[in-house]
Structures are given as C-alpha cells and as structure tokens.
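Here is the file final_12.txt (compact mmCIF, C-alpha atoms and all ligand atoms).
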```
# COMPACT_ATOMS: atom_id res chain seq x y z
CA MET P 15 18.17 -133.17 -64.26
CA SER P 16 19.49 -133.99 -60.76
CA PRO P 17 21.82 -131.48 -59.05
CA ILE P 18 24.87 -133.70 -59.64
CA GLU P 19 23.94 -134.12 -63.32
CA SER P 20 23.68 -130.38 -63.80
CA LEU P 21 27.02 -129.94 -62.04
CA ARG P 22 28.55 -132.64 -64.27
CA ALA P 23 27.28 -130.83 -67.36
CA ARG P 24 29.23 -127.70 -66.34
CA LEU P 25 32.52 -129.54 -65.80
CA PRO P 26 35.20 -129.84 -68.50
CA ASP P 27 35.60 -133.19 -70.30
CA SER P 28 38.63 -133.92 -68.12
CA LEU P 29 36.39 -134.37 -65.05
CA TYR P 30 33.43 -136.60 -64.31
CA ALA P 31 31.10 -136.21 -61.34
CA GLU P 32 28.53 -138.64 -60.03
CA GLN P 33 26.76 -139.23 -56.76
CA GLN P 34 26.24 -142.46 -54.83
CA GLY P 35 23.96 -141.74 -51.88
CA PRO P 36 25.60 -138.98 -49.82
CA VAL P 37 28.98 -139.40 -51.57
CA ALA P 38 29.94 -137.33 -54.60
CA VAL P 39 32.63 -138.90 -56.76
CA LEU P 40 35.00 -136.65 -58.70
CA ARG P 41 37.02 -138.55 -61.26
CA LEU P 42 40.00 -137.12 -63.14
CA LYS P 43 39.20 -138.24 -66.65
CA ARG P 44 42.12 -137.32 -68.83
CA ALA P 45 43.88 -140.66 -68.92
CA HIS P 46 45.37 -140.06 -72.39
CA LYS P 47 47.43 -137.27 -70.75
CA ARG P 48 47.88 -139.28 -67.53
CA ASN P 49 45.40 -136.96 -65.78
CA ALA P 50 47.83 -134.04 -66.10
CA LEU P 51 46.22 -130.97 -64.56
CA ASN P 52 45.70 -128.22 -67.11
CA ASP P 53 44.06 -124.90 -66.18
CA GLU P 54 40.67 -126.05 -67.42
CA THR P 55 40.79 -129.07 -65.13
CA VAL P 56 41.95 -127.06 -62.12
CA LEU P 57 39.12 -124.56 -62.65
CA GLY P 58 36.71 -127.46 -63.05
CA ILE P 59 37.87 -128.86 -59.70
CA GLU P 60 37.10 -125.48 -58.18
CA MET P 61 33.63 -125.44 -59.71
CA PHE P 62 32.94 -128.94 -58.41
CA PHE P 63 33.95 -128.15 -54.83
CA THR P 64 32.09 -124.85 -54.73
CA SER P 65 28.88 -126.20 -56.32
CA LEU P 66 28.34 -129.44 -54.40
CA PRO P 67 24.66 -130.36 -54.04
CA GLU P 68 23.23 -129.98 -50.53
CA SER P 69 22.74 -133.75 -50.28
CA VAL P 70 26.50 -134.42 -50.55
CA ALA P 71 28.20 -135.20 -47.22
CA SER P 72 31.61 -136.40 -48.45
CA VAL P 73 33.63 -136.61 -51.66
CA LEU P 74 35.64 -139.41 -53.22
CA LEU P 75 38.42 -138.17 -55.53
CA CYS P 76 40.00 -140.64 -57.94
CA GLY P 77 41.58 -140.90 -61.37
CA ASP P 78 40.86 -142.85 -64.55
CA GLY P 79 43.45 -144.98 -66.31
CA GLU P 80 46.78 -146.24 -65.05
CA HIS P 81 47.74 -143.17 -62.99
CA PHE P 82 46.12 -140.86 -60.47
CA SER P 83 47.81 -137.78 -61.91
CA ALA P 84 51.02 -136.76 -63.70
CA GLY P 85 50.77 -133.30 -62.10
CA LEU P 86 50.93 -129.97 -63.82
CA ASP P 87 50.24 -130.05 -67.54
CA LEU P 88 53.75 -129.23 -68.69
CA SER P 89 52.57 -128.21 -72.16
CA GLU P 90 50.92 -125.11 -70.62
CA LEU P 91 54.08 -124.02 -68.82
CA GLU P 92 56.22 -122.82 -71.68
CA GLU P 93 54.73 -119.41 -72.36
CA ARG P 94 54.36 -118.02 -68.84
CA ASP P 95 56.34 -115.05 -67.54
CA ILE P 96 57.10 -114.43 -63.84
CA ARG P 97 53.88 -112.56 -63.09
CA GLN P 98 51.77 -115.19 -64.85
CA GLY P 99 53.64 -117.89 -62.97
CA ILE P 100 52.73 -116.31 -59.64
CA GLU P 101 49.10 -115.97 -60.69
CA HIS P 102 49.03 -119.60 -61.79
CA SER P 103 50.40 -120.83 -58.49
CA ARG P 104 47.92 -118.65 -56.59
CA LEU P 105 45.13 -120.15 -58.69
CA TRP P 106 46.14 -123.65 -57.56
CA HIS P 107 46.34 -122.42 -53.95
CA ARG P 108 42.83 -121.00 -54.18
CA VAL P 109 41.41 -124.17 -55.69
CA PHE P 110 43.14 -126.61 -53.34
CA GLU P 111 42.06 -124.52 -50.34
CA LYS P 112 38.51 -125.17 -51.50
CA ILE P 113 39.23 -128.87 -51.18
CA GLN P 114 40.98 -128.75 -47.81
CA PHE P 115 38.70 -126.15 -46.26
CA GLY P 116 35.58 -126.84 -48.29
CA LYS P 117 32.16 -128.02 -47.18
CA VAL P 118 32.75 -131.75 -46.78
CA PRO P 119 35.64 -134.17 -46.15
CA VAL P 120 37.43 -135.63 -49.17
CA VAL P 121 38.85 -139.14 -49.53
CA ALA P 122 41.48 -139.50 -52.28
CA VAL P 123 42.16 -142.87 -53.90
CA LEU P 124 45.68 -143.02 -55.31
CA HIS P 125 47.17 -145.37 -57.86
CA GLY P 126 50.03 -145.33 -60.34
CA ALA P 127 51.86 -142.02 -60.67
CA VAL P 128 50.93 -139.49 -57.98
CA VAL P 129 53.52 -136.93 -58.93
CA GLY P 130 54.18 -133.21 -58.77
CA GLY P 131 50.89 -131.35 -58.74
CA GLY P 132 49.09 -134.70 -58.52
CA LEU P 133 50.72 -135.28 -55.14
CA GLU P 134 49.86 -131.71 -54.15
CA LEU P 135 46.24 -132.39 -55.07
CA ALA P 136 46.24 -135.60 -53.03
CA ALA P 137 47.74 -133.71 -50.07
CA ALA P 138 44.73 -131.37 -49.99
CA ALA P 139 42.38 -134.31 -49.31
CA HIS P 140 41.52 -135.40 -45.77
CA VAL P 141 41.99 -139.16 -46.04
CA ARG P 142 44.24 -140.91 -48.55
CA VAL P 143 43.91 -144.51 -49.72
CA ALA P 144 46.71 -145.99 -51.84
CA GLU P 145 46.60 -148.96 -54.14
CA ARG P 146 49.87 -150.92 -54.27
CA SER P 147 50.64 -149.52 -57.74
CA ALA P 148 50.87 -145.97 -56.35
CA TYR P 149 54.18 -144.13 -56.35
CA TYR P 150 55.10 -140.62 -55.33
CA ALA P 151 57.61 -138.17 -56.74
CA LEU P 152 58.26 -134.47 -57.09
CA PRO P 153 59.93 -134.21 -60.51
CA GLU P 154 59.80 -130.41 -60.36
CA GLY P 155 63.51 -130.35 -59.51
CA SER P 156 64.47 -132.19 -62.67
CA ARG P 157 62.19 -129.95 -64.76
CA GLY P 158 63.86 -126.81 -63.43
CA ILE P 159 60.73 -125.65 -61.63
CA TYR P 160 59.31 -125.70 -58.11
CA VAL P 161 56.11 -126.97 -56.52
CA GLY P 162 53.30 -124.42 -56.89
CA GLY P 163 50.15 -126.12 -55.66
CA GLY P 164 50.71 -125.72 -51.93
CA GLY P 165 53.17 -128.61 -51.74
CA SER P 166 55.70 -126.69 -49.63
CA VAL P 167 52.99 -126.08 -47.06
CA ARG P 168 51.10 -129.36 -47.00
CA LEU P 169 53.71 -132.00 -47.78
CA PRO P 170 56.21 -131.18 -45.00
CA ARG P 171 53.28 -131.44 -42.57
CA LEU P 172 52.56 -134.93 -43.88
CA ILE P 173 56.01 -136.41 -44.52
CA GLY P 174 58.49 -133.91 -43.04
CA VAL P 175 60.78 -131.31 -44.60
CA ALA P 176 63.70 -133.77 -44.91
CA ARG P 177 61.79 -136.25 -47.06
CA MET P 178 60.33 -133.56 -49.28
CA MET P 179 63.76 -132.00 -49.70
CA ASP P 180 65.19 -135.38 -50.67
CA MET P 181 62.38 -135.96 -53.18
CA MET P 182 62.91 -132.57 -54.80
CA LEU P 183 66.70 -132.56 -54.78
CA THR P 184 67.37 -136.16 -55.81
CA GLY P 185 64.23 -137.06 -57.74
CA ARG P 186 63.61 -139.88 -55.28
CA THR P 187 60.44 -141.90 -55.81
CA TYR P 188 58.59 -143.43 -52.88
CA SER P 189 56.54 -146.60 -53.27
CA ALA P 190 52.99 -147.12 -52.01
CA GLU P 191 54.45 -149.08 -49.06
CA ASP P 192 56.88 -146.22 -48.30
CA GLY P 193 54.01 -143.72 -48.46
CA GLN P 194 51.98 -145.79 -46.06
CA ALA P 195 54.89 -146.17 -43.63
CA MET P 196 55.57 -142.42 -43.61
CA GLY P 197 51.92 -141.48 -43.04
CA LEU P 198 51.27 -140.00 -46.47
CA THR P 199 48.43 -142.49 -46.85
CA THR P 200 46.52 -144.14 -44.04
CA TYR P 201 45.12 -147.07 -46.05
CA LEU P 202 46.97 -149.40 -48.42
CA VAL P 203 44.98 -151.85 -50.48
CA ASP P 204 45.56 -154.18 -53.42
CA ASP P 205 45.29 -152.88 -56.96
CA GLY P 206 41.71 -152.44 -58.07
CA LYS P 207 40.41 -152.25 -54.50
CA GLY P 208 40.96 -148.54 -53.86
CA PHE P 209 37.61 -147.27 -55.08
CA ALA P 210 35.63 -149.71 -52.91
CA LYS P 211 37.75 -148.91 -49.86
CA GLY P 212 37.51 -145.17 -50.52
CA MET P 213 33.74 -145.43 -50.95
CA GLU P 214 33.41 -147.38 -47.70
CA LEU P 215 35.35 -144.65 -45.89
CA ALA P 216 33.48 -141.81 -47.59
CA GLU P 217 30.15 -143.39 -46.59
CA ARG P 218 31.36 -143.75 -43.03
CA ILE P 219 32.42 -140.09 -42.98
CA ALA P 220 29.09 -139.03 -44.49
CA ALA P 221 27.28 -140.71 -41.59
CA ASN P 222 29.06 -138.51 -39.01
CA ALA P 223 27.32 -135.53 -37.44
CA PRO P 224 27.95 -132.62 -39.84
CA LEU P 225 29.29 -130.44 -37.04
CA THR P 226 31.87 -133.09 -36.14
CA ASN P 227 33.06 -133.20 -39.74
CA PHE P 228 33.21 -129.40 -39.72
CA ALA P 229 35.28 -129.42 -36.52
CA VAL P 230 37.70 -132.05 -37.82
CA MET P 231 38.18 -130.36 -41.20
CA GLN P 232 38.23 -126.73 -40.12
CA ALA P 233 39.39 -126.67 -36.51
CA LEU P 234 41.84 -129.56 -36.22
CA PRO P 235 44.45 -128.46 -38.82
CA ARG P 236 44.27 -124.86 -37.55
CA ILE P 237 44.59 -125.87 -33.91
CA ALA P 238 47.58 -128.02 -34.83
CA GLU P 239 49.32 -124.86 -36.13
CA MET P 240 48.55 -122.79 -33.01
CA ASP P 241 50.64 -122.32 -29.92
CA PRO P 242 49.39 -124.86 -27.38
CA SER P 243 47.57 -122.43 -25.09
CA SER P 244 45.57 -120.95 -28.01
CA GLY P 245 44.97 -124.48 -29.24
CA TYR P 246 43.49 -125.59 -25.93
CA ALA P 247 41.19 -122.57 -25.88
CA VAL P 248 39.92 -123.14 -29.43
CA GLU P 249 39.56 -126.87 -28.78
CA ALA P 250 37.41 -126.20 -25.71
CA LEU P 251 35.17 -123.88 -27.71
CA MET P 252 34.87 -126.35 -30.57
CA ALA P 253 34.13 -129.23 -28.20
CA SER P 254 31.38 -127.32 -26.43
CA ILE P 255 29.80 -126.16 -29.70
CA ALA P 256 29.83 -129.70 -31.11
CA GLN P 257 28.35 -131.31 -28.01
CA ALA P 258 25.58 -128.71 -27.76
CA ASP P 259 24.31 -129.65 -31.23
CA ALA P 260 21.04 -131.61 -31.32
CA GLU P 261 22.67 -134.29 -33.47
CA ALA P 262 25.33 -134.94 -30.81
CA LYS P 263 22.71 -135.10 -28.07
CA ALA P 264 20.67 -137.63 -30.04
CA ARG P 265 23.74 -139.80 -30.70
CA LEU P 266 24.81 -139.77 -27.05
CA LYS P 267 21.29 -140.68 -25.98
CA ASP P 268 21.29 -143.58 -28.45
CA PHE P 269 24.51 -144.92 -26.94
CA LEU P 270 23.34 -144.53 -23.36
CA GLU P 271 20.10 -146.28 -24.24
CA LYS P 272 22.06 -149.15 -25.85
CA ARG P 273 21.12 -148.25 -29.45
CA GLY P 274 24.33 -146.58 -30.56
CA PRO P 275 27.27 -148.44 -32.13
CA LYS P 276 30.11 -149.71 -29.92
CA VAL P 277 33.75 -149.24 -30.83
CA THR P 278 35.03 -152.46 -32.36
CA ARG P 279 38.43 -153.92 -33.26
CA SER P 280 39.23 -153.49 -36.96
C1 LIG F 301 51.75 -135.09 -69.97
C2 LIG F 301 52.18 -135.07 -68.63
C3 LIG F 301 52.27 -133.80 -67.98
C4 LIG F 301 52.15 -137.12 -69.28
N1 LIG F 301 51.98 -132.72 -68.69
N2 LIG F 301 51.46 -133.97 -70.64
N3 LIG F 301 54.90 -133.90 -64.00
C5 LIG F 301 55.88 -134.70 -64.45
O1 LIG F 301 57.01 -134.31 -64.61
C6 LIG F 301 55.47 -136.09 -64.82
C7 LIG F 301 55.53 -136.25 -66.32
N4 LIG F 301 54.96 -137.49 -66.76
C8 LIG F 301 55.59 -138.69 -66.65
O2 LIG F 301 56.64 -138.81 -66.05
C9 LIG F 301 54.92 -139.87 -67.29
O3 LIG F 301 54.02 -139.40 -68.26
C10 LIG F 301 54.14 -140.78 -66.30
C11 LIG F 301 55.15 -141.53 -65.42
C12 LIG F 301 53.18 -139.98 -65.43
C13 LIG F 301 53.30 -141.79 -67.10
O4 LIG F 301 54.13 -142.50 -68.03
P1 LIG F 301 53.46 -143.26 -69.27
O5 LIG F 301 54.57 -143.99 -69.97
O6 LIG F 301 52.29 -144.04 -68.79
O7 LIG F 301 52.84 -142.11 -70.22
P2 LIG F 301 53.59 -141.14 -71.27
O8 LIG F 301 53.79 -141.88 -72.56
O9 LIG F 301 54.79 -140.50 -70.67
O10 LIG F 301 52.51 -139.98 -71.47
C14 LIG F 301 51.29 -140.21 -72.18
C15 LIG F 301 50.85 -138.85 -72.69
O11 LIG F 301 50.57 -137.99 -71.59
C16 LIG F 301 51.93 -138.15 -73.50
O12 LIG F 301 51.26 -137.33 -74.45
P3 LIG F 301 51.16 -137.78 -76.02
O13 LIG F 301 50.38 -136.68 -76.65
O14 LIG F 301 52.57 -137.93 -76.49
O15 LIG F 301 50.45 -139.11 -75.99
C17 LIG F 301 52.58 -137.25 -72.49
O16 LIG F 301 53.22 -136.12 -73.06
C18 LIG F 301 51.37 -136.81 -71.67
N5 LIG F 301 51.76 -136.38 -70.34
N6 LIG F 301 52.41 -136.34 -68.23
C19 LIG F 301 51.57 -132.81 -69.98
N7 LIG F 301 52.64 -133.68 -66.70
C20 LIG F 301 51.43 -126.30 -59.54
S1 LIG F 301 53.02 -126.72 -59.77
C21 LIG F 301 53.09 -128.44 -60.01
C22 LIG F 301 54.35 -128.77 -60.73
C23 LIG F 301 54.34 -130.14 -61.30
O17 LIG F 301 53.38 -130.86 -61.21
S2 LIG F 301 55.78 -130.61 -62.04
C24 LIG F 301 55.58 -132.30 -62.38
C25 LIG F 301 55.04 -132.52 -63.75
```

For the structure just supplied, provide its representation as structure tokens.
Amino acid sequence: MSPIESLRARLPDSLYAEQQGPVAVLRLKRAHKRNALNDETVLGIEMFFTSLPESVASVLLCGDGEHFSAGLDLSELEERDIRQGIEHSRLWHRVFEKIQFGKVPVVAVLHGAVVGGGLELAAAAHVRVAERSAYYALPEGSRGIYVGGGGSVRLPRLIGVARMMDMMLTGRTYSAEDGQAMGLTTYLVDDGKGFAKGMELAERIAANAPLTNFAVMQALPRIAEMDPSSGYAVEALMASIAQADAEAKARLKDFLEKRGPKVTRS
C-alpha cells in the first residue's frame, strides 16, 4: 500500500485523498449533506494534514457535488453547552492552523456554496481558485450563532472588517465575481475548470524550492502582522536563510548560465 493509500484508509468516508505526482488531493466527499463539516470530517482533515507523505509538496483541496461546503454540520450543534461550544471552536482553530501553518501550501478550488465554516476552511488555504458557480455567505447571523473556525481572524484580513460585518449582519451573499474583485480568490475560471486550474497551480507550487514555500507560508503572514521594523528584521533573516540554501544557489546558477526559466507575460 502506498503512503497516500494508507492515509486514505484512515480517513472518514466524508474525505478522499489521492496523490498525483507531488500534489496530494483532499476531496470533501459528503455531497449528500452538501459537504457540511461534522466533527468526524474536521478531525479527518487534521489527520490528513498531519500525516502527509514525505513526497507531497503541495495540496489541492476541493469538494464533491454541487457545492464546496455548506459549513458547520448544523445537526451536531443542538446539544452543545457553552463549554462544549468553546472546545468545538478551539478544535476548528487547531485543525485550520494545521492547514495554514502546515508543511506544504494548499490550493483550494471553490464552487457552489462556500458558506459559513466552508468559507472559513477556504480562508485557511494559501491560494483560492473559484469557479463561476461559487458564492460566499456567512449565514451564522441568521442561525443565531457566530463564526467559530477562525473566520473573525482570517476573513477580515482577506476582505476587510466592513464586508465581513455586512455579510454577518445582513446575510449578504457575494458572487464568484465579487469574491474575485475583493481578493478573496485570485483565480476565477469557468465551471468545471477549477480542478485543472488548481492542479496546474499546485504543481507549479510543488516545483518551488521547499525553503521558499516555507518562507512564504510561515514568514510572510507573520511578518505582515508585525510592526514594520520587526518585519524588516525578520524579512532580512528569512531572505538570507533562503538564499544560502543549496537549492537556491543551484537555481540562481541555472538562470545565470541561461538554463533557468525567464519571467513571462501570463
Ligand atoms: C446540512 C447542511 C449543514 C445542508 N448542516 N446538514 N451553514 C448553513 O447555514 C448553510 C445551510 N445549507 C444551505 O443553505 C443549503 O443546504 C445549501 C445552499 C448549502 C445547499 O442547498 P441545496 O438545495 O443544494 O441542498 P439542501 O436540500 O438544503 O440540503 C441537502 C441535505 O444536506 C439536507 O439533508 P437531508 O437529509 O434532508 O437530505 C440538508 O439538511 C443537508 N445540509 N447543509 C447539516 N450546514 C465553526 S463555526 C461555523 C458556523 C457555520 O458554518 S454556520 C453556517 C452553516
């Protein structure tokens, strides 16, 4: 059994993992419940991101069926008291941190409903691709609850406090085009084309020097939160560590000896 097959065997039925070259694909596979995220699925996501085979250099996250994810499984919400509610939210924080600050970059392909906890999950990825069918909402307000999967932290950094406030207070839905215009996604493709685009990007990411991917994932978001003078200091350290790596030296040599790729227009 290959490493990805043995990982797949440990995942719940609501998730499916496969590997294409250096890219591991994690598919939400609970379309009959619109990929709603129950505890079993959230724990499975954690297992996936903490057990990635060594040969994996990037991840593609996508969903089966008509929708990326309907968010929190509302049928599990009823019985929780305050303490259990806090623990549940902290569980999501722990798991989504393992996506954002895990081992490899994650490309999320979004389509259909990307709502509530589904949008929070998407926000933990590093690159987001939307198909035109995608739409975004935070229906927590209308359900009498509040985001609990890190949405208050990640979403304002992506779309701003004002937009998130509007979404939560008025139930506003944003279209795929809106999401693209506001920077929530950085690629917008026709329906049915998201997986191929996401795979192309994930393969490109996987071909980067591992230390560069580390720096972009781990240092960039932290530097962006620092005061500028601390940020410059950490950036200088990160830059010097990255450039001292043998992989960087080999790539620079390739370019200088006319073997490396040139930057091209898209
Ligand atoms: C669900 C869920 C769910 C669907 N939990 N079971 N999220 C929401 O408030 C979104 C709720 N869902 C919807 O608004 C709609 O289902 C969709 C727009 C996503 C899709 O509509 P549609 O017509 O394709 O599907 P459906 O008929 O509404 O649902 C199909 C089944 O999925 C149905 O179950 P069935 O047994 O009757 O077939 C639905 O009950 C089930 N289903 N969504 C449980 N979310 C860490 S805090 C995060 C807080 C949140 O995420 S709050 C936002 C929750």

What are the closest atom pairs, with distances in Å to one decimal, for each residue of range 147-247 of chain P lying within 8 Å of range 109-118 of chain P, using only C-alpha atoms, rows by chain and rising residue number, as JSON lines?
```
{"residue": "P:Gly163", "atom": "CA", "partner": "P:Phe110", "partner_atom": "CA", "distance": 7.4}
{"residue": "P:Gly164", "atom": "CA", "partner": "P:Phe110", "partner_atom": "CA", "distance": 7.8}
{"residue": "P:Asn227", "atom": "CA", "partner": "P:Val118", "partner_atom": "CA", "distance": 7.2}
{"residue": "P:Phe228", "atom": "CA", "partner": "P:Val118", "partner_atom": "CA", "distance": 7.5}
{"residue": "P:Met231", "atom": "CA", "partner": "P:Phe115", "partner_atom": "CA", "distance": 6.6}
{"residue": "P:Gln232", "atom": "CA", "partner": "P:Phe115", "partner_atom": "CA", "distance": 6.2}
```

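Candidate residues P:Arg142, P:Arg48, P:Lys211, P:His107 were compared for distance to ligand LIG 301 (chain F), and the nearest is P:Arg48, using only C-alpha atoms and all ligand atoms.
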
(message) What's around Met61 in chain P at 10 Å? Count all atoms listed in the file, leave out sequence neighbours fewer than 2 positions away in its own chain, and write the answer as an MDAnalysis selection string.
(response) chainID P and resid 21:22 24:26 55:59 63:66 109 112

(request) Rank nothing, just name the residue among P:Val277, P:Val167, P:Leu88, P:Met252 nearest to ligand LIG 301 (chain F), using only C-alpha atoms and all ligand atoms. (result) P:Leu88

(message) Neighbouring residues of ligand LIG 301 (chain F) are defined here as those with any atom at most 6 Å from a ligand atom, counting all atoms listed in the file; list them as a ChimeraX atom specification.
(response) /P:46-48,50,84-89,103,127,130-131,153-154,161-163

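Counting only C-alpha atoms, the residue from P:Thr200, P:Thr184, P:Ser28, P:Asn52 that sits nearest to Trp106 in chain P is P:Asn52.
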
(request) Record the distance separating CA of Glu239 in chain P and CA of Arg104 in chain P, expressed in Å with one decimal. (result) 21.4 Å

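Nearest to Val230 in chain P of all the residues P:Cys76, P:Leu42, P:Ala253, P:Leu29 is P:Ala253, based on all atoms listed in the file.
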
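The space between CA of Ile255 in chain P and CA of Ala138 in chain P spans 25.7 Å.
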
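The residue that comes closest to Val129 in chain P, out of P:Met213, P:Arg186, P:Thr278, P:Phe269 and on the basis of all atoms listed in the file, is P:Arg186.
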